[in-house]
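Coordinates from model.txt are shown below (compact mmCIF, C-alpha atoms and all ligand atoms).
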# COMPACT_ATOMS: atom_id res chain seq x y z
CA MET A 801 -182.85 11.51 -120.08
CA ASN A 802 -181.80 11.37 -116.42
CA TRP A 803 -179.32 8.51 -116.59
CA GLY A 804 -178.55 8.63 -112.87
CA GLU A 805 -182.20 8.19 -111.94
CA LEU A 806 -182.61 5.34 -114.37
CA ASP A 807 -179.47 3.69 -113.00
CA ARG A 808 -180.85 3.94 -109.43
CA LYS A 809 -184.12 2.44 -110.60
CA HIS A 810 -182.80 -0.62 -112.41
CA VAL A 811 -179.10 -1.27 -111.87
CA TRP A 812 -177.64 -3.25 -108.95
CA HIS A 813 -173.90 -2.53 -108.70
CA PRO A 814 -171.24 -5.00 -107.48
CA PHE A 815 -169.42 -4.63 -104.13
CA THR A 816 -171.71 -1.71 -103.29
CA GLN A 817 -173.98 -1.03 -100.33
CA GLU A 818 -176.54 0.74 -102.47
CA LYS A 819 -178.34 2.28 -99.49
CA THR A 820 -175.39 4.23 -98.08
CA GLU A 821 -172.92 4.76 -100.89
CA PRO A 822 -173.09 7.83 -103.13
CA ALA A 823 -174.60 7.41 -106.57
CA PRO A 824 -172.07 6.16 -109.12
CA PHE A 825 -170.52 8.68 -111.51
CA ILE A 826 -171.45 8.23 -115.13
CA VAL A 827 -168.60 7.67 -117.58
CA GLU A 828 -169.39 9.00 -121.03
CA SER A 829 -166.10 8.24 -122.71
CA ALA A 830 -162.63 6.93 -121.94
CA LYS A 831 -159.29 7.50 -123.63
CA ASP A 832 -155.79 6.47 -122.54
CA ALA A 833 -155.61 6.81 -118.74
CA SER A 834 -158.60 9.16 -118.48
CA LEU A 835 -162.32 8.68 -117.89
CA TYR A 836 -164.59 11.52 -119.03
CA LEU A 837 -167.71 11.97 -116.94
CA GLU A 838 -171.18 13.27 -117.49
CA GLY A 839 -171.09 16.91 -116.42
CA GLY A 840 -167.65 17.60 -117.87
CA ASN A 841 -165.22 16.33 -115.17
CA SER A 842 -162.54 13.75 -115.82
CA LEU A 843 -160.70 11.21 -113.67
CA LEU A 844 -157.36 9.45 -114.02
CA ASP A 845 -158.01 5.72 -113.92
CA CYS A 846 -155.33 4.95 -111.31
CA ASN A 847 -156.50 1.34 -110.75
CA SER A 848 -156.90 0.51 -114.45
CA SER A 849 -160.65 -0.10 -114.00
CA TRP A 850 -160.43 -3.03 -111.63
CA TRP A 851 -156.83 -3.77 -112.61
CA VAL A 852 -157.63 -4.79 -116.16
CA ASN A 853 -156.67 -1.95 -118.46
CA VAL A 854 -153.03 -2.27 -119.43
CA HIS A 855 -152.45 -0.14 -122.54
CA GLY A 856 -154.99 2.60 -121.82
CA HIS A 857 -158.59 3.04 -122.88
CA GLY A 858 -159.69 3.10 -126.50
CA HIS A 859 -156.47 1.80 -128.00
CA PRO A 860 -156.87 1.97 -131.81
CA LYS A 861 -154.99 -1.31 -132.40
CA ILE A 862 -157.36 -3.22 -130.12
CA GLN A 863 -160.35 -1.49 -131.67
CA GLU A 864 -159.14 -2.42 -135.15
CA ALA A 865 -158.61 -6.06 -134.12
CA ILE A 866 -162.14 -6.31 -132.70
CA ASN A 867 -163.67 -4.67 -135.77
CA GLU A 868 -161.79 -6.98 -138.14
CA GLN A 869 -162.78 -10.03 -136.15
CA PHE A 870 -166.43 -8.99 -135.99
CA ALA A 871 -166.51 -8.91 -139.77
CA LYS A 872 -165.20 -12.50 -139.85
CA VAL A 873 -166.69 -14.45 -136.92
CA ASP A 874 -168.46 -12.70 -134.04
CA HIS A 875 -169.03 -15.72 -131.85
CA VAL A 876 -169.07 -19.45 -132.35
CA ILE A 877 -169.52 -22.53 -130.20
CA PHE A 878 -166.14 -23.74 -128.92
CA ALA A 879 -166.92 -27.47 -128.62
CA GLY A 880 -166.54 -29.27 -131.94
CA ALA A 881 -165.43 -25.96 -133.53
CA THR A 882 -162.44 -23.67 -133.22
CA HIS A 883 -161.26 -20.44 -134.87
CA HIS A 884 -158.07 -18.66 -135.89
CA LYS A 885 -157.90 -16.12 -133.07
CA ALA A 886 -158.28 -18.70 -130.29
CA ILE A 887 -155.54 -20.80 -131.90
CA GLU A 888 -153.31 -17.76 -132.37
CA LEU A 889 -153.89 -16.68 -128.78
CA ALA A 890 -153.12 -20.12 -127.38
CA ASP A 891 -149.92 -20.16 -129.41
CA ARG A 892 -148.91 -16.65 -128.32
CA VAL A 893 -149.58 -17.29 -124.63
CA THR A 894 -147.82 -20.66 -124.50
CA THR A 895 -144.83 -19.10 -126.27
CA LEU A 896 -144.59 -16.53 -123.48
CA LEU A 897 -144.98 -19.08 -120.68
CA PRO A 898 -142.42 -21.70 -119.54
CA SER A 899 -142.15 -24.40 -122.17
CA ASP A 900 -144.04 -27.14 -120.31
CA LEU A 901 -147.21 -25.02 -119.99
CA GLU A 902 -148.65 -26.11 -123.31
CA LYS A 903 -152.40 -26.61 -123.13
CA VAL A 904 -154.88 -23.76 -122.93
CA PHE A 905 -158.45 -24.07 -121.62
CA PHE A 906 -160.66 -21.03 -122.30
CA SER A 907 -163.28 -19.44 -120.06
CA ASP A 908 -164.73 -15.99 -119.37
CA ASN A 909 -163.10 -14.27 -116.40
CA GLY A 910 -160.73 -14.67 -113.48
CA SER A 911 -163.10 -16.62 -111.24
CA THR A 912 -163.88 -19.14 -113.95
CA ALA A 913 -160.18 -19.50 -114.82
CA VAL A 914 -159.71 -20.49 -111.15
CA GLU A 915 -162.74 -22.83 -111.12
CA VAL A 916 -161.32 -24.59 -114.16
CA ALA A 917 -157.88 -24.87 -112.52
CA LEU A 918 -159.33 -26.43 -109.35
CA LYS A 919 -161.48 -28.85 -111.34
CA MET A 920 -158.52 -29.78 -113.54
CA ALA A 921 -156.34 -30.51 -110.50
CA ILE A 922 -159.02 -32.56 -108.73
CA GLN A 923 -160.01 -34.54 -111.82
CA PHE A 924 -156.36 -35.17 -112.71
CA TRP A 925 -156.10 -37.45 -109.68
CA HIS A 926 -159.63 -38.80 -110.00
CA ASN A 927 -159.07 -39.91 -113.61
CA GLN A 928 -156.10 -41.97 -112.48
CA GLY A 929 -157.98 -43.58 -109.59
CA ILE A 930 -155.70 -41.89 -107.05
CA VAL A 931 -157.32 -40.58 -103.88
CA LYS A 932 -155.93 -37.07 -103.37
CA LYS A 933 -158.69 -34.64 -102.56
CA LYS A 934 -157.35 -31.95 -100.30
CA ILE A 935 -156.60 -28.38 -101.31
CA LEU A 936 -154.13 -26.02 -99.68
CA ALA A 937 -154.47 -22.25 -100.03
CA MET A 938 -153.06 -19.18 -98.29
CA ARG A 939 -154.77 -17.05 -95.65
CA GLY A 940 -155.92 -13.73 -97.08
CA ALA A 941 -156.29 -15.18 -100.58
CA TYR A 942 -158.84 -13.92 -103.07
CA HIS A 943 -159.50 -16.09 -106.10
CA GLY A 944 -162.91 -14.79 -107.19
CA ASP A 945 -166.58 -14.89 -106.27
CA THR A 946 -167.81 -18.22 -107.60
CA PHE A 947 -168.19 -21.01 -105.05
CA GLY A 948 -164.99 -22.91 -105.79
CA ALA A 949 -162.97 -19.70 -105.88
CA MET A 950 -164.59 -18.50 -102.64
CA SER A 951 -163.88 -21.83 -100.96
CA ALA A 952 -160.16 -21.39 -101.69
CA GLY A 953 -160.24 -17.76 -100.54
CA GLU A 954 -160.15 -16.03 -97.18
CA ARG A 955 -163.30 -16.62 -95.15
CA ASP A 956 -164.48 -13.15 -94.13
CA TYR A 957 -167.36 -10.62 -94.35
CA PHE A 958 -167.55 -11.15 -98.07
CA ASN A 959 -168.64 -14.73 -97.93
CA VAL A 960 -170.02 -15.41 -94.42
CA PRO A 961 -173.56 -16.18 -95.69
CA PHE A 962 -172.20 -18.90 -97.96
CA GLU A 963 -169.65 -20.57 -95.71
CA ASP A 964 -171.79 -23.62 -95.03
CA TYR A 965 -171.76 -24.36 -98.74
CA PHE A 966 -168.01 -24.19 -99.24
CA PHE A 967 -165.91 -27.30 -99.72
CA SER A 968 -163.17 -27.88 -97.23
CA VAL A 969 -159.81 -26.19 -97.88
CA ASP A 970 -156.77 -25.99 -95.59
CA PHE A 971 -154.84 -22.76 -95.23
CA ILE A 972 -151.25 -21.85 -94.52
CA ASP A 973 -150.53 -18.50 -92.90
CA PHE A 974 -149.45 -15.54 -94.97
CA PRO A 975 -145.63 -15.57 -95.05
CA GLU A 976 -144.42 -12.43 -93.30
CA GLU A 977 -140.64 -12.01 -93.34
CA LYS A 978 -140.41 -13.23 -89.73
CA ASN A 979 -142.48 -16.39 -90.09
CA GLU A 980 -141.50 -17.81 -93.48
CA MET A 981 -139.86 -20.87 -91.95
CA GLN A 982 -142.88 -21.62 -89.75
CA VAL A 983 -145.20 -21.34 -92.74
CA LEU A 984 -143.02 -23.73 -94.71
CA GLU A 985 -143.10 -26.16 -91.79
CA MET A 986 -146.87 -25.82 -91.69
CA ALA A 987 -147.09 -26.66 -95.40
CA ASP A 988 -144.75 -29.59 -94.92
CA GLU A 989 -146.98 -30.98 -92.19
CA TYR A 990 -150.03 -30.75 -94.46
CA PHE A 991 -148.31 -32.26 -97.50
CA SER A 992 -146.63 -35.09 -95.65
CA GLY A 993 -149.98 -36.89 -95.16
CA GLY A 994 -150.04 -37.48 -98.95
CA GLU A 995 -153.68 -36.39 -99.34
CA PHE A 996 -153.24 -33.06 -101.10
CA ALA A 997 -154.34 -32.72 -104.71
CA THR A 998 -153.25 -29.14 -105.16
CA LEU A 999 -151.85 -25.92 -103.76
CA ILE A 1000 -153.24 -22.62 -105.02
CA VAL A 1001 -151.58 -19.23 -104.49
CA GLU A 1002 -151.53 -15.71 -105.82
CA PRO A 1003 -147.80 -15.54 -106.58
CA LEU A 1004 -145.74 -12.81 -104.85
CA ILE A 1005 -148.68 -10.53 -104.05
CA GLN A 1006 -152.17 -10.96 -102.68
CA GLY A 1007 -154.25 -8.36 -104.49
CA SER A 1008 -157.59 -8.03 -102.73
CA ALA A 1009 -156.04 -8.68 -99.32
CA GLY A 1010 -154.50 -5.20 -99.67
CA MET A 1011 -151.66 -5.66 -102.17
CA ARG A 1012 -149.76 -7.76 -99.61
CA MET A 1013 -146.36 -8.77 -100.95
CA TYR A 1014 -144.25 -11.75 -100.01
CA SER A 1015 -140.90 -13.09 -101.07
CA GLY A 1016 -140.02 -15.07 -104.16
CA PHE A 1017 -137.52 -16.99 -102.04
CA PHE A 1018 -140.40 -18.27 -99.89
CA LEU A 1019 -142.59 -19.09 -102.88
CA ASP A 1020 -139.82 -21.01 -104.65
CA ARG A 1021 -139.31 -23.09 -101.52
CA LEU A 1022 -143.05 -23.71 -101.15
CA VAL A 1023 -143.50 -24.77 -104.79
CA GLU A 1024 -140.43 -26.98 -104.64
CA MET A 1025 -141.81 -28.66 -101.54
CA ALA A 1026 -145.29 -29.15 -103.05
CA ARG A 1027 -143.74 -30.76 -106.09
CA SER A 1028 -141.56 -33.04 -104.00
CA TYR A 1029 -144.80 -34.38 -102.49
CA GLY A 1030 -146.46 -34.70 -105.91
CA VAL A 1031 -148.91 -31.86 -105.17
CA LEU A 1032 -150.04 -29.89 -108.24
CA VAL A 1033 -149.32 -26.18 -108.01
CA ILE A 1034 -151.77 -23.57 -109.29
CA PHE A 1035 -150.63 -19.97 -109.75
CA ASP A 1036 -153.54 -17.57 -109.84
CA GLU A 1037 -151.97 -14.85 -112.01
CA VAL A 1038 -155.30 -13.21 -112.78
CA MET A 1039 -153.99 -9.97 -111.26
CA THR A 1040 -150.21 -10.35 -111.57
CA ALA A 1041 -149.81 -11.18 -115.27
CA TRP A 1042 -149.24 -8.85 -118.23
CA GLY A 1043 -146.44 -6.73 -116.78
CA ARG A 1044 -148.05 -5.78 -113.47
CA THR A 1045 -145.09 -7.03 -111.45
CA GLY A 1046 -142.58 -5.50 -113.87
CA LYS A 1047 -142.21 -8.76 -115.80
CA MET A 1048 -144.72 -10.44 -118.09
CA PHE A 1049 -145.76 -12.92 -115.37
CA ALA A 1050 -145.04 -13.12 -111.65
CA LEU A 1051 -143.53 -16.55 -112.36
CA ASP A 1052 -140.81 -14.80 -114.36
CA HIS A 1053 -139.38 -13.66 -111.00
CA LEU A 1054 -139.14 -17.27 -109.79
CA ARG A 1055 -137.07 -20.38 -110.34
CA GLN A 1056 -140.00 -22.78 -109.91
CA ASN A 1057 -142.96 -23.06 -112.28
CA PRO A 1058 -146.56 -24.01 -111.56
CA ASP A 1059 -148.45 -26.93 -113.11
CA ILE A 1060 -151.42 -24.70 -113.85
CA ILE A 1061 -151.68 -20.94 -114.32
CA CYS A 1062 -154.88 -18.83 -114.32
CA LEU A 1063 -154.96 -15.74 -116.53
CA SER A 1064 -157.56 -13.06 -117.17
CA LYS A 1065 -157.98 -9.30 -116.38
CA GLY A 1066 -155.38 -7.54 -118.59
CA LEU A 1067 -155.32 -10.43 -121.08
CA THR A 1068 -157.56 -8.57 -123.55
CA GLY A 1069 -155.98 -5.22 -122.72
CA GLY A 1070 -158.87 -4.85 -120.28
CA VAL A 1071 -161.44 -4.54 -123.02
CA LEU A 1072 -163.41 -7.79 -123.14
CA PRO A 1073 -163.93 -10.63 -120.65
CA LEU A 1074 -161.76 -13.70 -121.17
CA GLY A 1075 -160.10 -16.28 -118.94
CA LEU A 1076 -157.41 -18.84 -119.67
CA THR A 1077 -156.25 -21.80 -117.64
CA VAL A 1078 -152.96 -23.08 -118.99
CA THR A 1079 -151.45 -26.39 -118.01
CA THR A 1080 -148.94 -29.10 -118.87
CA ASP A 1081 -149.16 -32.08 -121.18
CA LYS A 1082 -148.85 -34.26 -118.10
CA ILE A 1083 -152.16 -32.97 -116.74
CA TYR A 1084 -153.82 -32.89 -120.15
CA ASN A 1085 -152.84 -36.50 -120.77
CA ALA A 1086 -154.78 -37.66 -117.71
CA PHE A 1087 -157.94 -36.50 -119.52
CA TRP A 1088 -156.90 -38.01 -122.89
CA GLN A 1089 -158.74 -41.31 -122.56
CA ASN A 1090 -161.28 -43.45 -124.37
CA GLU A 1091 -164.04 -42.89 -121.80
CA LYS A 1092 -166.01 -39.71 -122.55
CA HIS A 1093 -166.67 -39.01 -118.89
CA ARG A 1094 -162.94 -38.57 -118.26
CA ALA A 1095 -162.91 -35.45 -120.46
CA MET A 1096 -162.89 -31.92 -119.02
CA LEU A 1097 -166.68 -31.60 -118.93
CA HIS A 1098 -166.74 -27.88 -118.32
CA GLY A 1099 -167.55 -24.92 -120.55
CA HIS A 1100 -169.38 -21.60 -120.86
CA SER A 1101 -171.49 -20.20 -123.67
CA TYR A 1102 -168.89 -17.53 -124.41
CA THR A 1103 -165.85 -19.78 -124.01
CA GLY A 1104 -163.17 -18.73 -126.51
CA ASN A 1105 -165.18 -15.74 -127.74
CA PRO A 1106 -163.50 -14.65 -131.00
CA LEU A 1107 -163.77 -10.90 -130.31
CA ALA A 1108 -162.13 -11.31 -126.91
CA CYS A 1109 -159.43 -13.54 -128.44
CA ALA A 1110 -158.76 -10.94 -131.16
CA ALA A 1111 -158.47 -8.21 -128.53
CA ALA A 1112 -156.08 -10.41 -126.53
CA CYS A 1113 -153.86 -11.09 -129.56
CA ALA A 1114 -153.74 -7.35 -130.31
CA SER A 1115 -152.93 -6.58 -126.67
CA LEU A 1116 -150.08 -9.10 -126.62
CA GLU A 1117 -148.74 -7.66 -129.88
CA LEU A 1118 -148.69 -4.20 -128.25
CA PHE A 1119 -146.18 -5.45 -125.69
CA LYS A 1120 -143.71 -5.63 -128.59
CA HIS A 1121 -144.37 -2.04 -129.70
CA GLU A 1122 -144.92 1.50 -128.46
CA ASN A 1123 -142.09 1.13 -125.92
CA THR A 1124 -144.50 -0.71 -123.64
CA TRP A 1125 -141.71 -2.26 -121.54
CA GLU A 1126 -139.97 1.10 -121.20
CA LYS A 1127 -143.23 2.59 -119.98
CA ILE A 1128 -143.64 -0.25 -117.49
CA GLU A 1129 -140.06 0.24 -116.32
CA ARG A 1130 -140.64 3.97 -115.87
CA ILE A 1131 -143.80 3.39 -113.79
CA CYS A 1132 -141.93 0.84 -111.65
CA GLN A 1133 -139.05 3.26 -111.10
CA LEU A 1134 -141.20 6.29 -110.29
CA ASN A 1135 -143.32 4.23 -107.87
CA PHE A 1136 -140.17 2.96 -106.21
CA ASN A 1137 -138.67 6.46 -105.89
CA PHE A 1138 -141.91 7.77 -104.42
CA SER A 1139 -142.05 4.89 -101.93
CA GLN A 1140 -138.51 5.80 -100.82
CA GLU A 1141 -139.58 9.40 -100.36
CA LEU A 1142 -142.58 8.37 -98.24
CA GLN A 1143 -140.50 6.03 -96.12
CA GLU A 1144 -138.35 8.95 -95.05
CA LYS A 1145 -141.39 10.85 -93.77
CA ASN A 1146 -143.17 10.37 -90.51
CA TYR A 1147 -146.56 9.34 -91.82
CA PRO A 1148 -148.44 6.56 -90.01
CA ILE A 1149 -148.09 4.29 -93.03
CA GLN A 1150 -146.36 1.28 -94.44
CA VAL A 1151 -145.49 1.63 -98.10
CA ARG A 1152 -144.62 -1.14 -100.54
CA THR A 1153 -144.12 -1.56 -104.27
CA LEU A 1154 -143.95 -4.40 -106.69
CA GLY A 1155 -143.57 -3.56 -110.37
CA THR A 1156 -146.26 -1.09 -111.41
CA ILE A 1157 -148.13 -1.47 -108.10
CA LEU A 1158 -147.65 1.05 -105.31
CA ALA A 1159 -149.51 0.40 -102.04
CA ILE A 1160 -149.74 2.64 -98.99
CA GLU A 1161 -151.18 0.98 -95.92
CA ILE A 1162 -152.51 3.49 -93.42
CA LYS A 1163 -151.98 2.50 -89.81
CA ILE A 1164 -155.22 3.37 -88.11
CA ASP A 1165 -157.43 1.72 -85.51
CA THR A 1166 -160.07 0.42 -87.89
CA GLN A 1167 -158.16 -1.61 -90.44
CA GLY A 1168 -159.65 -3.96 -93.00
CA TYR A 1169 -161.92 -3.60 -95.99
CA PHE A 1170 -164.63 -1.60 -94.21
CA SER A 1171 -162.24 0.83 -92.54
CA LYS A 1172 -163.64 4.37 -92.56
CA ILE A 1173 -160.45 5.79 -94.03
CA ARG A 1174 -161.38 3.94 -97.20
CA ASP A 1175 -164.46 6.09 -97.83
CA GLU A 1176 -162.63 9.29 -96.90
CA ALA A 1177 -159.73 8.50 -99.23
CA TYR A 1178 -162.02 7.45 -102.08
CA ALA A 1179 -164.00 10.72 -101.82
CA PHE A 1180 -160.84 12.84 -101.48
CA PHE A 1181 -159.26 11.40 -104.60
CA LEU A 1182 -162.48 11.63 -106.64
CA LYS A 1183 -162.72 15.30 -105.72
CA ASN A 1184 -159.13 15.70 -106.88
CA GLY A 1185 -159.53 14.06 -110.27
CA LEU A 1186 -158.29 10.55 -109.42
CA LEU A 1187 -160.16 7.26 -109.45
CA ILE A 1188 -158.39 5.38 -106.66
CA ARG A 1189 -160.46 2.63 -105.05
CA PRO A 1190 -158.68 1.74 -101.81
CA LEU A 1191 -158.81 -1.75 -100.35
CA GLY A 1192 -159.92 -0.73 -96.86
CA ASN A 1193 -157.02 1.12 -95.28
CA VAL A 1194 -154.72 0.35 -98.23
CA ILE A 1195 -154.49 3.05 -100.87
CA PHE A 1196 -152.88 1.77 -104.03
CA ILE A 1197 -152.28 2.57 -107.67
CA ASN A 1198 -151.77 0.14 -110.56
CA PRO A 1199 -152.28 2.40 -113.56
CA PRO A 1200 -152.45 1.71 -117.30
CA TYR A 1201 -148.97 1.70 -118.84
CA CYS A 1202 -149.81 4.67 -121.09
CA LEU A 1203 -149.84 6.90 -117.98
CA THR A 1204 -147.63 9.91 -118.75
CA GLU A 1205 -144.90 11.11 -116.42
CA LYS A 1206 -146.90 14.30 -115.84
CA GLU A 1207 -149.99 12.31 -114.87
CA HIS A 1208 -147.90 10.11 -112.62
CA TYR A 1209 -146.47 13.14 -110.77
CA PHE A 1210 -149.98 14.56 -110.46
CA ILE A 1211 -151.04 11.33 -108.71
CA PHE A 1212 -148.05 11.56 -106.33
CA ASP A 1213 -148.96 15.17 -105.50
CA LYS A 1214 -152.49 14.19 -104.57
CA LEU A 1215 -151.23 11.23 -102.53
CA ARG A 1216 -148.91 13.60 -100.63
CA GLN A 1217 -151.82 15.98 -100.00
CA PHE A 1218 -153.95 13.16 -98.63
CA LEU A 1219 -151.18 11.85 -96.38
CA LEU A 1220 -150.70 15.35 -94.92
CA LEU A 1221 -154.32 15.20 -93.70
CA LEU A 1222 -153.65 12.11 -91.57
C1 LIG B 1 -155.96 -13.00 -107.98
C2 LIG B 1 -157.37 -12.95 -108.50
N1 LIG B 1 -157.97 -14.08 -108.87
C3 LIG B 1 -159.23 -14.09 -109.37
C4 LIG B 1 -159.95 -12.94 -109.47
C5 LIG B 1 -161.35 -12.97 -110.00
O1 LIG B 1 -161.40 -12.42 -111.27
P1 LIG B 1 -162.79 -11.92 -111.88
O2 LIG B 1 -163.16 -10.69 -111.11
O3 LIG B 1 -162.48 -11.63 -113.31
O4 LIG B 1 -163.76 -13.02 -111.71
C6 LIG B 1 -159.37 -11.73 -109.08
C7 LIG B 1 -160.12 -10.48 -109.16
O5 LIG B 1 -159.76 -9.46 -108.62
C8 LIG B 1 -158.04 -11.73 -108.56
O6 LIG B 1 -157.43 -10.62 -108.17
Would you give me this structure, written as structure tokens?
Ligand SMILES: Cc1ncc(COP(=O)(O)O)c(C=O)c1O
Amino acid sequence: MNWGELDRKHVWHPFTQEKTEPAPFIVESAKDASLYLEGGNSLLDCNSSWWVNVHGHGHPKIQEAINEQFAKVDHVIFAGATHHKAIELADRVTTLLPSDLEKVFFSDNGSTAVEVALKMAIQFWHNQGIVKKKILAMRGAYHGDTFGAMSAGERDYFNVPFEDYFFSVDFIDFPEEKNEMQVLEMADEYFSGGEFATLIVEPLIQGSAGMRMYSGFFLDRLVEMARSYGVLVIFDEVMTAWGRTGKMFALDHLRQNPDIICLSKGLTGGVLPLGLTVTTDKIYNAFWQNEKHRAMLHGHSYTGNPLACAAACASLELFKHENTWEKIERICQLNFNFSQELQEKNYPIQVRTLGTILAIEIKIDTQGYFSKIRDEAYAFFLKNGLLIRPLGNVIFINPPYCLTEKEHYFIFDKLRQFLLLL
């Protein structure tokens, strides 16, 4: 069987210009931080397969949990029915989160977790007969590819064809160190009109924008301000949760908490699709009414899928074992040391780290997602045994936590080799 030919014939891949990009490599198996390819080569999964895989591929504890769950309940409708693993997961997640985040709404992925959050925030006001309809987001944001998530995201090449269909959202600038005060003033001006239902942000780091980091000091001030105006705050932690920033959640670095948090990606250990939108009793209570139409009338066929919930419970349990936090700490430290090393060199780069994420922004003429350095870097690393999928001119790693020290140093070596070519 020629799998490559068959793939070309029938499969349409995401985020891919199929006419010009090379054929995809075929992964035959995956274990820990490695992907084993048809033809015998292997790659280190330096971006955790779209930032989802936290404990490594093929973890036996997650496999066992899925198998056990399959033997009990494979899938079941989640309206009018519930099941043990969804309940256990809701309990585990709310125990990890700040105490007022108590109510868990299930969906399938990061985009739907965001859609649910936006709908929750809008309907919260609507159910009380209060007219607050505006949404504030941050320039450069990425919240997913569904229409609500796109509306709250940066308007760029990705969504130009759809712009006319987006709902209106206002944006504050990205808070660089120099302009934090101006951005806060901008937010204050928006909020002071009293029309804003909600503010949505990726806390501390904008992922798809190129792993752009901003200060917790700024975010605390922004959240505090939003709350003082009665604006609901949504943290999109689809990328930042589950240890990525060095703590369980990005909010663990902050003094202020959101009213709603969106979770997905590494939630199941990166094994099955699942999204959670977690909120407060205050928001939940605005839907707790006698009229049926005031309920959260939203759901998906696979909402609360028991296999995904079982994988998520097993993944959360793993954070208590196998020295997971020591591994995270080691990755953070090695990334930080390497960033210091690079800063002392004369490369045309800007390097930044947050937790297990290391990002190297290459200063070249053609910046942005379609920068040509992106294709060169991607090809270079593939040839050298690394799956690193740069975001335009930003090369970054956010590996699974099982990455060994030896593998980590191997990645650094290859990064050095690439930078020497610049
Ligand atoms: C911050 C953030 N929100 C939402 C999403 C969308 O998640 P999904 O791809 O699972 O729909 C992503 C995906 O990269 C993300 O980084």
Item to complete: Residues within 6 Å of ligand LIG 1 (chain B), counting all atoms listed in the file: report them as a PyMOL selection string.
Response: chain A and resi 909-911+942-944+1002+1007+1036-1039+1065
Kindly assemble as a tab-separated table a list of the segment 850-873 of chain A residues that lie within 7 Å of segment 1112-1120 of chain A, each paired with its nearest atom pair and their distance in Å to one decimal, using all atoms listed in the file, sorted first by chain and then by ascending residue number.
residue	atom	partner	partner_atom	distance
A:Lys861	CA	A:Ala1114	CA	6.5
A:Ile862	CA	A:Ala1114	CA	5.5
A:Ala865	CA	A:Ala1114	CA	6.3
Fill in: Non-local contacts of Ser1015 of chain A (12 Å; all atoms listed in the file; under 5 positions in same chain excluded) as a VMD selection string
chain A and resid 974 to 980 1002 to 1006 1020 to 1022 1050 1053 to 1054 1154
Discussion item. As an exercise, work out the distance from atom CA of Ser834 of chain A to atom CA of Ala871 of chain A in Å and give it to one decimal place.
Written reply: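 Rounded to one decimal, the two atoms are 29.0 Å apart.
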Response to the item:
Separating atom CA of Thr1079 of chain A from atom CA of Pro1058 of chain A, to the nearest tenth of an Å, is a gap of 8.4 Å
Under the rule of at most 12 Å, produce a per-residue listing of segment 832-913 of chain A near segment 1081-1086 of chain A: chain, number, name, the closest pair of atoms, and the distance in Å, as a Markdown table, using all atoms listed in the file.
| residue | atom | partner | partner_atom | distance |
| --- | --- | --- | --- | --- |
| A:Thr894 | CA | A:Asp1081 | CA | 12.0 |
| A:Ser899 | CA | A:Asp1081 | CA | 10.4 |
| A:Asp900 | CA | A:Asp1081 | CA | 7.2 |
| A:Leu901 | CA | A:Asp1081 | CA | 7.4 |
| A:Glu902 | CA | A:Asp1081 | CA | 6.4 |
| A:Lys903 | CA | A:Asp1081 | CA | 6.6 |
| A:Val904 | CA | A:Tyr1084 | CA | 9.6 |
| A:Phe905 | CA | A:Tyr1084 | CA | 10.1 |
Worksheet entry | Ref. answer, residues at most 12 Å from (-157.9, -1.0, -115.4) with all atoms listed in the file, as number ranges by chain | A: 830-835, 844-858, 1039, 1044, 1065-1072, 1187-1189, 1197-1203
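Distance cut-off 12 Å, centre (-163.1, -7.6, -137.5), atoms counted only C-alpha atoms; the residues meeting this are Lys861, Ile862, Gln863, Glu864, Ala865, Ile866, Asn867, Glu868, Gln869, Phe870, Ala871, Lys872, Val873, Asp874, His875, Lys885, Pro1106, Leu1107, Ala1108, Cys1109, Ala1110, Ala1111 and Ala1114 of chain A.
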Item to complete: Counting only C-alpha atoms, figure out which residue out of A:Arg1130, A:Lys932, A:Arg1094, A:Lys1183 gets nearest to Tyr1029 of chain A.
Response: A:Lys932
Discussion item. Using all atoms listed in the file, which protein or nucleic acid residues come within 12 Å of Leu1134 of chain A? Drop anything in the same chain fewer than 6 positions from it, and give the result as JSON, numbers by chain.
Written reply: {"A": [1127, 1128, 1140, 1141, 1153, 1154, 1155, 1156, 1157, 1158, 1197, 1203, 1204, 1205, 1206, 1207, 1208, 1209, 1211, 1212]}
Worksheet entry | Counting only C-alpha atoms, the residue of A:Ile1162, A:Met1096, A:Met950, A:Leu1051 that sits nearest Val969 of chain A |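 Selected residue with least distance to Val969 of chain A: A:Met950.
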Worksheet item: How many Å lie between atom CA of Glu954 of chain A and atom CA of Arg1152 of chain A, rounded to one decimal?
Response: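 The value is 21.8 Å.
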Worksheet item: Nearest to Asp956 of chain A: which of A:His813, A:Ser842, A:Gly1168, A:Phe1136 is it, counting all atoms listed in the file?
Response: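 Between A:His813, A:Ser842, A:Gly1168, A:Phe1136, the residue approaching Asp956 of chain A most closely is A:Gly1168.
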